[in-house]
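Novice: One structure, pasted below without further comment.
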Amino acid sequence: GGGDGAGAGGKNAAAPQKFYESFEPFLTKQSEAKPCQSYDSFNDAVDEFYSSIECQKQEVSNIKEKKQISGKLEKIKADQEARIEGLRSQVISSNKKAQLIEYNLESVDAAINAVNEAIASGFDWKELDQMIRSEQEAGNPVAQLVHSLQLERNAITLQIRNNLDDFENEEENALQCVAVDLGMTAHANACALYQQRKKHEKKETKTIEASQKALKEAEKNATSQMKKLKVTPGFKVTRKQLWFEKFDWFISSENYLVVSGRDAQQNETIVKRYLTKHDIYVHADIHGAASCVIRNRVDGG
């Protein structure tokens, strides 16, 4: 054991639970910069260090579980936000595409009619694509609207922009790709996109409502799981019970151990098993009085 200054080093003063890294009989040079706790003796420091190990393990385990619970909750929140953001983007995209078609009704109708007429004239898909590329190179304004063909689903993608409003920055009004159905007019395509927008808006509203309910339930479950985490305020070191602790006992002012029976059976046990020739036996001449033994310290006994 050590004298004054014995301590357990490495305590985290900011944490509610003590965390010790090591113990030493005196403060060494390499430990001077670390927070430390001093004890009256080295034995006290060692007892504190090892008795706190279980609490420390439990606290670390609880922190890890709390992080996992919080991580799962954050992931649910992130997934819900991403889903809502995706629907919001679809609403904005459908609305913008519908507006672009409305800004270019005549041009979009001209492109749809030109492609439909070429198909009706017997052009196969490959020839039609080549013809459009040739017309684009020749400067045909209608052909230049066509970005690509999706004839397998009776559609084409056009490149159009807002030609009605003024923009300070041309990049804000760059060409946008908009897919149109060849079986509908430009106006009908715009109406279909507006209907699509409404569907996305309804889905977004329902998703937000469902998301709020799911988040409340997830938060409720997370709170419940947090509460279930076992927190022990301290760790009690178990030890073997001394022989006299099953009886009534005390240490006298002269530092003698005094033991007495709690009942008739214990009175008999004290006399037969534990009374030695060096001890003092005390008993009152009263019915039911306890047998009392004063343990005499002989040979360290």
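Chain labels A, B, ... are given in the sequence in which chains occur in the structure tokens; within each chain residues are numbered consecutively from 1, and ligands are likewise numbered from 1 in the order shown.
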From a backbone DSSP assignment, name each residue in region 137-219 of chain A labelled helix (DSSP H, G or I), as an MDAnalysis selection string.

Specialist: chainID A and resid 137 143:145 151:153 170:173 186:219

Novice: Counting only C-alpha atoms, what are the residues of region 79-186 of chain A within 7 Å of region 190-203 of chain A, and for each of them which pair of atoms is the nearest and at what distance in Å, to one decimal? Sort the table by chain and rising number, as a tab-separated table.

Specialist:
```
residue	atom	partner	partner_atom	distance
A:Leu87	CA	A:His200	CA	6.2
A:Gln90	CA	A:His200	CA	6.7
A:Val91	CA	A:Arg197	CA	4.9
A:Ser94	CA	A:Arg197	CA	5.3
A:Asn95	CA	A:Tyr194	CA	6.1
A:Ala98	CA	A:Ala190	CA	4.4
A:Ile101	CA	A:Ala190	CA	6.0
A:Glu102	CA	A:Ala190	CA	6.6
A:Ala186	CA	A:Ala190	CA	6.3
```

Novice: Considering only C-alpha atoms, tabulate each residue of region 181-247 of chain A that lies at most 12 Å from region 271-292 of chain A along with its nearest interatomic pair and the corresponding distance in Å to one decimal; arrange the rows by chain and ascending residue number and present them as CSV.

Specialist:
```
residue,atom,partner,partner_atom,distance
A:Trp243,CA,A:Tyr274,CA,9.2
A:Phe244,CA,A:Tyr274,CA,9.1
A:Phe247,CA,A:Cys292,CA,10.2
```

Novice: Please produce a file of the residues just selected, as a CSV table (one decimal), in the first residue's frame, where the atoms kept are C-alpha atoms.

Specialist:
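Generated file (result.csv):
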```csv
chain,number,residue,atom,x,y,z
A,243,TRP,CA,-18.0,-15.9,10.9
A,244,PHE,CA,-19.3,-13.4,13.5
A,247,PHE,CA,-24.6,-13.1,15.0
```

Novice: Pick out the residues sitting within 8 Å of Ile84 (chain A), and hand them over as a list in words; count only C-alpha atoms, and ignore anything fewer than 6 positions along from it in its own chain.

Specialist: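 The residues satisfying every condition are Glu204, Thr207 and Ile208 of chain A.
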
Novice: So which one's closest to Arg83 (chain A), A:Lys206, A:Lys64, A:Lys34, A:Arg297? Using only C-alpha atoms, please.

Specialist: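 Going through A:Lys206, A:Lys64, A:Lys34, A:Arg297 one by one, the smallest distance to Arg83 (chain A) is for A:Lys206.
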
Novice: So how far away is CA of Gln30 (chain A) from CA of Phe42 (chain A), in Å?

Specialist: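 Here the two named atoms are 18.5 Å from each other.
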
Novice: Write out as a ChimeraX atom specification each polymer residue whose atoms come within 9 Å of Leu73 (chain A), counting only C-alpha atoms; drop sequence neighbours fewer than 2 positions from it.

Specialist: /A:68-71,75-78,215,218-219,222

Novice: Would you mind exporting N, CA, C and O atoms of the selected residues as a PDB file, in the first residue's frame?

Specialist:
```
ATOM      1  N   GLN A  68     -26.500   3.618 -30.977  1.00  0.00           N
ATOM      2  CA  GLN A  68     -27.169   2.775 -31.970  1.00  0.00           C
ATOM      3  C   GLN A  68     -28.642   3.153 -32.100  1.00  0.00           C
ATOM      4  O   GLN A  68     -29.172   3.241 -33.214  1.00  0.00           O
ATOM      5  N   ILE A  69     -29.298   3.378 -30.950  1.00  0.00           N
ATOM      6  CA  ILE A  69     -30.715   3.758 -30.966  1.00  0.00           C
ATOM      7  C   ILE A  69     -30.887   5.104 -31.660  1.00  0.00           C
ATOM      8  O   ILE A  69     -31.771   5.280 -32.506  1.00  0.00           O
ATOM      9  N   SER A  70     -30.007   6.068 -31.294  1.00  0.00           N
ATOM     10  CA  SER A  70     -30.071   7.396 -31.916  1.00  0.00           C
ATOM     11  C   SER A  70     -29.770   7.314 -33.407  1.00  0.00           C
ATOM     12  O   SER A  70     -30.401   8.012 -34.211  1.00  0.00           O
ATOM     13  N   GLY A  71     -28.817   6.453 -33.768  1.00  0.00           N
ATOM     14  CA  GLY A  71     -28.461   6.291 -35.181  1.00  0.00           C
ATOM     15  C   GLY A  71     -29.615   5.745 -36.003  1.00  0.00           C
ATOM     16  O   GLY A  71     -29.869   6.207 -37.121  1.00  0.00           O
ATOM     17  N   LYS A  75     -31.571   7.685 -38.992  1.00  0.00           N
ATOM     18  CA  LYS A  75     -31.684   7.064 -40.320  1.00  0.00           C
ATOM     19  C   LYS A  75     -33.136   7.083 -40.795  1.00  0.00           C
ATOM     20  O   LYS A  75     -33.415   7.357 -41.967  1.00  0.00           O
ATOM     21  N   ILE A  76     -34.067   6.801 -39.871  1.00  0.00           N
ATOM     22  CA  ILE A  76     -35.491   6.845 -40.220  1.00  0.00           C
ATOM     23  C   ILE A  76     -35.880   8.256 -40.652  1.00  0.00           C
ATOM     24  O   ILE A  76     -36.563   8.450 -41.652  1.00  0.00           O
ATOM     25  N   LYS A  77     -35.396   9.252 -39.888  1.00  0.00           N
ATOM     26  CA  LYS A  77     -35.687  10.651 -40.226  1.00  0.00           C
ATOM     27  C   LYS A  77     -35.123  11.009 -41.593  1.00  0.00           C
ATOM     28  O   LYS A  77     -35.794  11.645 -42.409  1.00  0.00           O
ATOM     29  N   ALA A  78     -33.874  10.595 -41.842  1.00  0.00           N
ATOM     30  CA  ALA A  78     -33.217  10.910 -43.119  1.00  0.00           C
ATOM     31  C   ALA A  78     -33.946  10.256 -44.288  1.00  0.00           C
ATOM     32  O   ALA A  78     -34.140  10.882 -45.346  1.00  0.00           O
ATOM     33  N   LEU A 215     -42.472   8.744 -37.478  1.00  0.00           N
ATOM     34  CA  LEU A 215     -41.422   9.357 -36.667  1.00  0.00           C
ATOM     35  C   LEU A 215     -41.815   9.404 -35.195  1.00  0.00           C
ATOM     36  O   LEU A 215     -40.985   9.157 -34.317  1.00  0.00           O
ATOM     37  N   ALA A 218     -41.404   5.967 -33.905  1.00  0.00           N
ATOM     38  CA  ALA A 218     -39.974   5.644 -33.784  1.00  0.00           C
ATOM     39  C   ALA A 218     -39.359   6.358 -32.585  1.00  0.00           C
ATOM     40  O   ALA A 218     -38.546   5.780 -31.855  1.00  0.00           O
ATOM     41  N   GLU A 219     -39.739   7.625 -32.376  1.00  0.00           N
ATOM     42  CA  GLU A 219     -39.226   8.377 -31.225  1.00  0.00           C
ATOM     43  C   GLU A 219     -39.725   7.773 -29.918  1.00  0.00           C
ATOM     44  O   GLU A 219     -38.982   7.711 -28.929  1.00  0.00           O
ATOM     45  N   ALA A 222     -37.727   4.666 -29.357  1.00  0.00           N
ATOM     46  CA  ALA A 222     -36.360   5.026 -28.976  1.00  0.00           C
ATOM     47  C   ALA A 222     -36.302   5.467 -27.516  1.00  0.00           C
ATOM     48  O   ALA A 222     -35.411   5.072 -26.766  1.00  0.00           O
TER      49      ALA A 222
END
```

Novice: Separation of CA of Glu65 (chain A) and CA of Glu217 (chain A), in Å?

Specialist: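 A separation of 18.8 Å between them.
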
Novice: Enumerate as a list in words all residues of region 19-254 of chain A assigned to strand (DSSP E) by DSSP on the backbone, naming them with the chain letters and numbers the document uses.

Specialist: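 Across region 19-254 of chain A, those assigned strand (DSSP E) are Ser22, Phe23, Glu24, Cys36, Gln37, Ser38, Tyr39, Val146, His147, Ser148, Leu149, Gln150, Ala155, Ile156, Thr157, Leu158, Gln159, Ile160, Gln176, Cys177, Val178, Ala179, Val180, Asp181, Asp248, Trp249, Phe250 and Ile251 of chain A.
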
Novice: Nearest to Asp79 (chain A) among A:Lys97, A:Val293, A:Ala214, A:Gln225, with distances taken over only C-alpha atoms: which residue is it?

Specialist: A:Ala214

Novice: Which residue is closest to Asp181 (chain A)? Choose from A:Ala120, A:Glu209, A:Asn113, A:Trp125 and count only C-alpha atoms.

Specialist: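 Checking each of A:Ala120, A:Glu209, A:Asn113, A:Trp125 against Asp181 (chain A), counting only C-alpha atoms, the winner is A:Asn113.
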
Novice: May I have the residues within 9 Å of region 151-167 of chain A as a list of chain:residue names, using only C-alpha atoms and disregarding those fewer than 5 positions away in the same chain?

Specialist: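 Non-adjacent residues within range: A:Gln99, A:Leu100, A:Ile101, A:Tyr103, A:Asn104, A:Ser107, A:Val108, A:Ala111, A:Ile112, A:Val115, A:Trp125, A:Gln144, A:Leu145, A:Val146, A:Glu172, A:Asn173, A:Ala174, A:Leu175, A:Gln176, A:Cys177, A:Val178, A:Ala179, A:Val180, A:Asp181, A:Leu182, A:Gly183.
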
Novice: Can you tell me which residues surround Glu245 (chain A) at a distance of at most 12 Å, considering only C-alpha atoms, apart from same-chain residues fewer than 5 positions away, and format the answer as a PyMOL selection string?

Specialist: chain A and resi 240+250-251+257-262+266

Novice: Kindly give the distance, in Å, that separates CA of Asn255 (chain A) and CA of Ile294 (chain A), rounded to a single decimal.

Specialist: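 A separation of 10.5 Å between them.
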